[in-house]
Amino acid sequence: MPVAQLHREAERALAAGRLREAHALCLKILHMDPRHADAWFMCGVIAASNGQQEKALEIFSRATALAPGNPEYHAETGKTLIALRRHREALEAAQLCLARPPRRASTWNTLGSVFSHAGEHERALSCFRTACAQLEAGTAGPGPGWRADLYFNLGASSKFCGDFAAARQAYEHAIALQPTHFRAHAALAQLGPQGAEGHHLARLEPLRHHVRTAEDQLSLGHAIAREREDSGDYTGALQALRWAKQRLRAELNYSVAEDETLLGDIAALFGRDQFEAATAGPAPAEPIFIVGMPRTGTTLVERILAAHSQVFAAGELPHFPLAVKRLGGTAGGEVLNIATLRAGLALDPRVLGQSYLDSTRPRTGHTAHFIDKLPLNFAYLGLLRKAFPGARFICLRRNPLDTCLSNYRQQFASNFPYYRYALDLVDCGRYYLAFDRLIRHWQSVLPGGLLEIEYEALVDDTEAQARRLLAWCGLPWEHACLEFQHQSGAVATASAVQVRRGIYRDGLQRWRRYGEALAPLQAVLGSSIVS
């Protein structure tokens, strides 16, 4: 069989998901023509599909060496680098892809995903728009499921960039293509009702019979819960959330006791003696770290500070935990465990700090300061303080009941292992208490090193708290910090919709709407509850 025919057969097998057949055909091609770039490329795609990311990257490098101008090769290289959490190199690969713009909608979609995961949401939006435009112009593409995913990506990027009308339209398009696209239903519900006909319960409830996986159930249940909440049915909302999470919680076999132990061990590892030589650091360093439990106002503080002319919002960066993991060399895929933190203590803090800064480039470095708003960094405050003794650390606090309820109401990515406490309301309470103990510990061993901001105070007197924030960061007052909702930058967090509204009071004392249903949570929190 000629090489050209083998190539066509391999492409068809790969598109149909018949990986073994596609691989065998590619090997035949390479036996006949070792310099066949596309055969190498397909082998790389197959390796990546099998979870062999390092091997895929090596194979893609062969393909790009043979055909450096092929944008599809660079896009897939970027996708693989994202999977390996090498964000800076992924952006470089994406840039190479743009040097010769792709012709396929699928390649534009891949490129958009690379930019999105690397934090470049405006560029991701442009890629997804181009991909959709090609489909709408009649360009051939994959089937309805793939097309629905593309429109979901367009909706997500539109939401991050503040175009909620376009996001709503894109999610509806995804649902029209695939009525059981549960993630699109959940994302649409997060945008809130639109007018008198804005609720979709009649469309959502029958879909319970079409749920196949725990992930489907999580998304659909969250969509129903949000719609019921928007309708004023808070009891029904909690019932929907319990249904949404129960299957995934059972499959994961999660125990909040493991997280309680971990946060306690972190406090024991970082005693006051660890910081005696680092209490008087240099002038404020480039990064500003905003930490806390999710849904407590971290995004609001980020937007206030990012409105300042000297500050850039870099988003929720996984870069510091990844730097600790990489330099510490501990086994396994988890970035947060006591062995990794202990290995981090043995590192030269200056090397660790510089490695982190280098990994944030080129997105950072063009302003005096940038914000890293990864909430989970509260567990790394000891290592962060050693690496950046002059940096500014801000921790958000919120009414414990509202904190736990907001975490329970939020659909976190199921493949992210550090927010699994949010699958159960009582677990949220136990996790909050462990978090509270660790923050109190940091205040004890890092006196004067951590500014705590109360969400309620920020809402009640925004200007006073904004001035307090700027003074803490050593920044002069700028009135633009009070008009943060007018910023054009992307917001890729769970608060992407809310922060565009400016200051609002809807989230204060939200827990009161749920009545006796929160009694088990109140019992767990006990005396930590503040009125």
# chains A, B, ... in the order shown; residues from 1 in each chain; ligands from 1

$ residues_around --residues "Pro321 of chain A" --least-positions-apart "5" --cutoff "12 Å" --atoms "only C-alpha atoms" --output "MDAnalysis selection string"
chainID A and resid 85 316 326:328 333:337 340:341 343:344 352:353 355:356 359 372 374:381 383:384

$ select_by_dssp --residues "segment 149-383 of chain A" --states "strand (DSSP E)" --output "PDB file with C-alpha atoms, in the first residue's frame"
ATOM      1  CA  PRO A 287       4.639  39.493  43.912  1.00  0.00           C
ATOM      2  CA  ILE A 288       1.633  40.202  46.106  1.00  0.00           C
ATOM      3  CA  PHE A 289       0.014  37.021  47.399  1.00  0.00           C
ATOM      4  CA  ILE A 290      -3.724  36.895  48.121  1.00  0.00           C
ATOM      5  CA  VAL A 291      -4.763  33.736  49.958  1.00  0.00           C
ATOM      6  CA  VAL A 311      -0.080  46.228  39.692  1.00  0.00           C
ATOM      7  CA  PHE A 312      -0.900  43.414  37.260  1.00  0.00           C
ATOM      8  CA  ALA A 313      -3.333  40.600  38.094  1.00  0.00           C
ATOM      9  CA  HIS A 369       4.057  44.280  41.209  1.00  0.00           C
ATOM     10  CA  PHE A 370       1.915  41.353  40.159  1.00  0.00           C
ATOM     11  CA  ILE A 371      -0.765  39.483  42.080  1.00  0.00           C
ATOM     12  CA  ASP A 372      -0.766  35.735  42.576  1.00  0.00           C
TER      13      ASP A 372
END

$ residues_around --residues "His121 of chain A" --least-positions-apart "2" --cutoff "10 Å" --atoms "only C-alpha atoms" --output "ChimeraX atom specification"
/A:112-119,123-127,156-161,489-492

$ write_last_selection --atoms "N, CA, C and O atoms" --output "compact mmCIF listing (two decimals), in the first residue's frame"
# COMPACT_ATOMS: atom_id res chain seq x y z
N GLY A 112 -6.63 27.85 21.47
CA GLY A 112 -7.38 28.61 22.47
C GLY A 112 -7.28 27.99 23.84
O GLY A 112 -7.15 28.70 24.86
N SER A 113 -7.32 26.67 23.91
CA SER A 113 -7.20 25.98 25.19
C SER A 113 -5.83 26.21 25.81
O SER A 113 -5.71 26.36 27.03
N VAL A 114 -4.79 26.23 24.98
CA VAL A 114 -3.44 26.49 25.49
C VAL A 114 -3.39 27.89 26.11
O VAL A 114 -2.92 28.07 27.25
N PHE A 115 -3.85 28.88 25.37
CA PHE A 115 -3.83 30.25 25.89
C PHE A 115 -4.67 30.35 27.17
O PHE A 115 -4.28 31.03 28.13
N SER A 116 -5.82 29.70 27.19
CA SER A 116 -6.69 29.77 28.35
C SER A 116 -6.02 29.20 29.59
O SER A 116 -6.01 29.82 30.66
N HIS A 117 -5.44 28.01 29.46
CA HIS A 117 -4.78 27.39 30.61
C HIS A 117 -3.54 28.16 31.04
O HIS A 117 -3.13 28.06 32.21
N ALA A 118 -2.96 28.92 30.14
CA ALA A 118 -1.78 29.72 30.48
C ALA A 118 -2.15 31.10 31.01
O ALA A 118 -1.27 31.90 31.33
N GLY A 119 -3.45 31.38 31.09
CA GLY A 119 -3.90 32.65 31.66
C GLY A 119 -4.10 33.77 30.68
O GLY A 119 -4.47 34.88 31.07
N ARG A 123 -6.62 36.30 24.40
CA ARG A 123 -6.10 35.62 23.22
C ARG A 123 -6.83 34.30 23.00
O ARG A 123 -7.07 33.89 21.85
N ALA A 124 -7.17 33.62 24.08
CA ALA A 124 -7.95 32.39 23.95
C ALA A 124 -9.29 32.68 23.30
O ALA A 124 -9.74 31.95 22.40
N LEU A 125 -9.94 33.76 23.72
CA LEU A 125 -11.24 34.12 23.16
C LEU A 125 -11.15 34.37 21.67
O LEU A 125 -12.01 33.93 20.89
N SER A 126 -10.10 35.04 21.25
CA SER A 126 -9.90 35.30 19.82
C SER A 126 -9.77 33.98 19.05
O SER A 126 -10.34 33.83 17.95
N CYS A 127 -9.06 33.02 19.62
CA CYS A 127 -8.89 31.72 18.95
C CYS A 127 -10.22 30.98 18.84
O CYS A 127 -10.56 30.41 17.78
N ALA A 156 -17.01 29.98 27.95
CA ALA A 156 -16.18 30.18 29.13
C ALA A 156 -15.25 31.37 28.97
O ALA A 156 -15.13 32.22 29.87
N SER A 157 -14.59 31.48 27.82
CA SER A 157 -13.68 32.61 27.60
C SER A 157 -14.45 33.93 27.52
O SER A 157 -13.96 34.97 27.99
N SER A 158 -15.64 33.90 26.92
CA SER A 158 -16.46 35.12 26.87
C SER A 158 -16.83 35.57 28.28
O SER A 158 -16.80 36.77 28.60
N LYS A 159 -17.16 34.62 29.14
CA LYS A 159 -17.49 34.95 30.52
C LYS A 159 -16.28 35.54 31.24
O LYS A 159 -16.38 36.57 31.91
N PHE A 160 -15.12 34.90 31.10
CA PHE A 160 -13.92 35.40 31.75
C PHE A 160 -13.61 36.83 31.31
O PHE A 160 -13.11 37.63 32.10
N CYS A 161 -13.90 37.13 30.04
CA CYS A 161 -13.58 38.46 29.51
C CYS A 161 -14.73 39.46 29.70
O CYS A 161 -14.65 40.59 29.22
N GLY A 489 -9.56 43.75 31.98
CA GLY A 489 -8.84 42.48 32.06
C GLY A 489 -9.75 41.31 32.37
O GLY A 489 -10.83 41.46 32.95
N ALA A 490 -9.30 40.12 31.98
CA ALA A 490 -10.08 38.91 32.19
C ALA A 490 -10.11 38.53 33.66
O ALA A 490 -9.19 38.83 34.42
N VAL A 491 -11.19 37.86 34.06
CA VAL A 491 -11.32 37.31 35.42
C VAL A 491 -11.70 35.85 35.27
O VAL A 491 -12.83 35.52 34.91
N ALA A 492 -10.76 34.96 35.54
CA ALA A 492 -11.00 33.53 35.31
C ALA A 492 -11.17 32.80 36.62
O ALA A 492 -10.49 31.82 36.90

$ atom_distance --atom1 "atom CA of Ser309 of chain A" --atom2 "atom CA of Leu470 of chain A"
11.7 Å
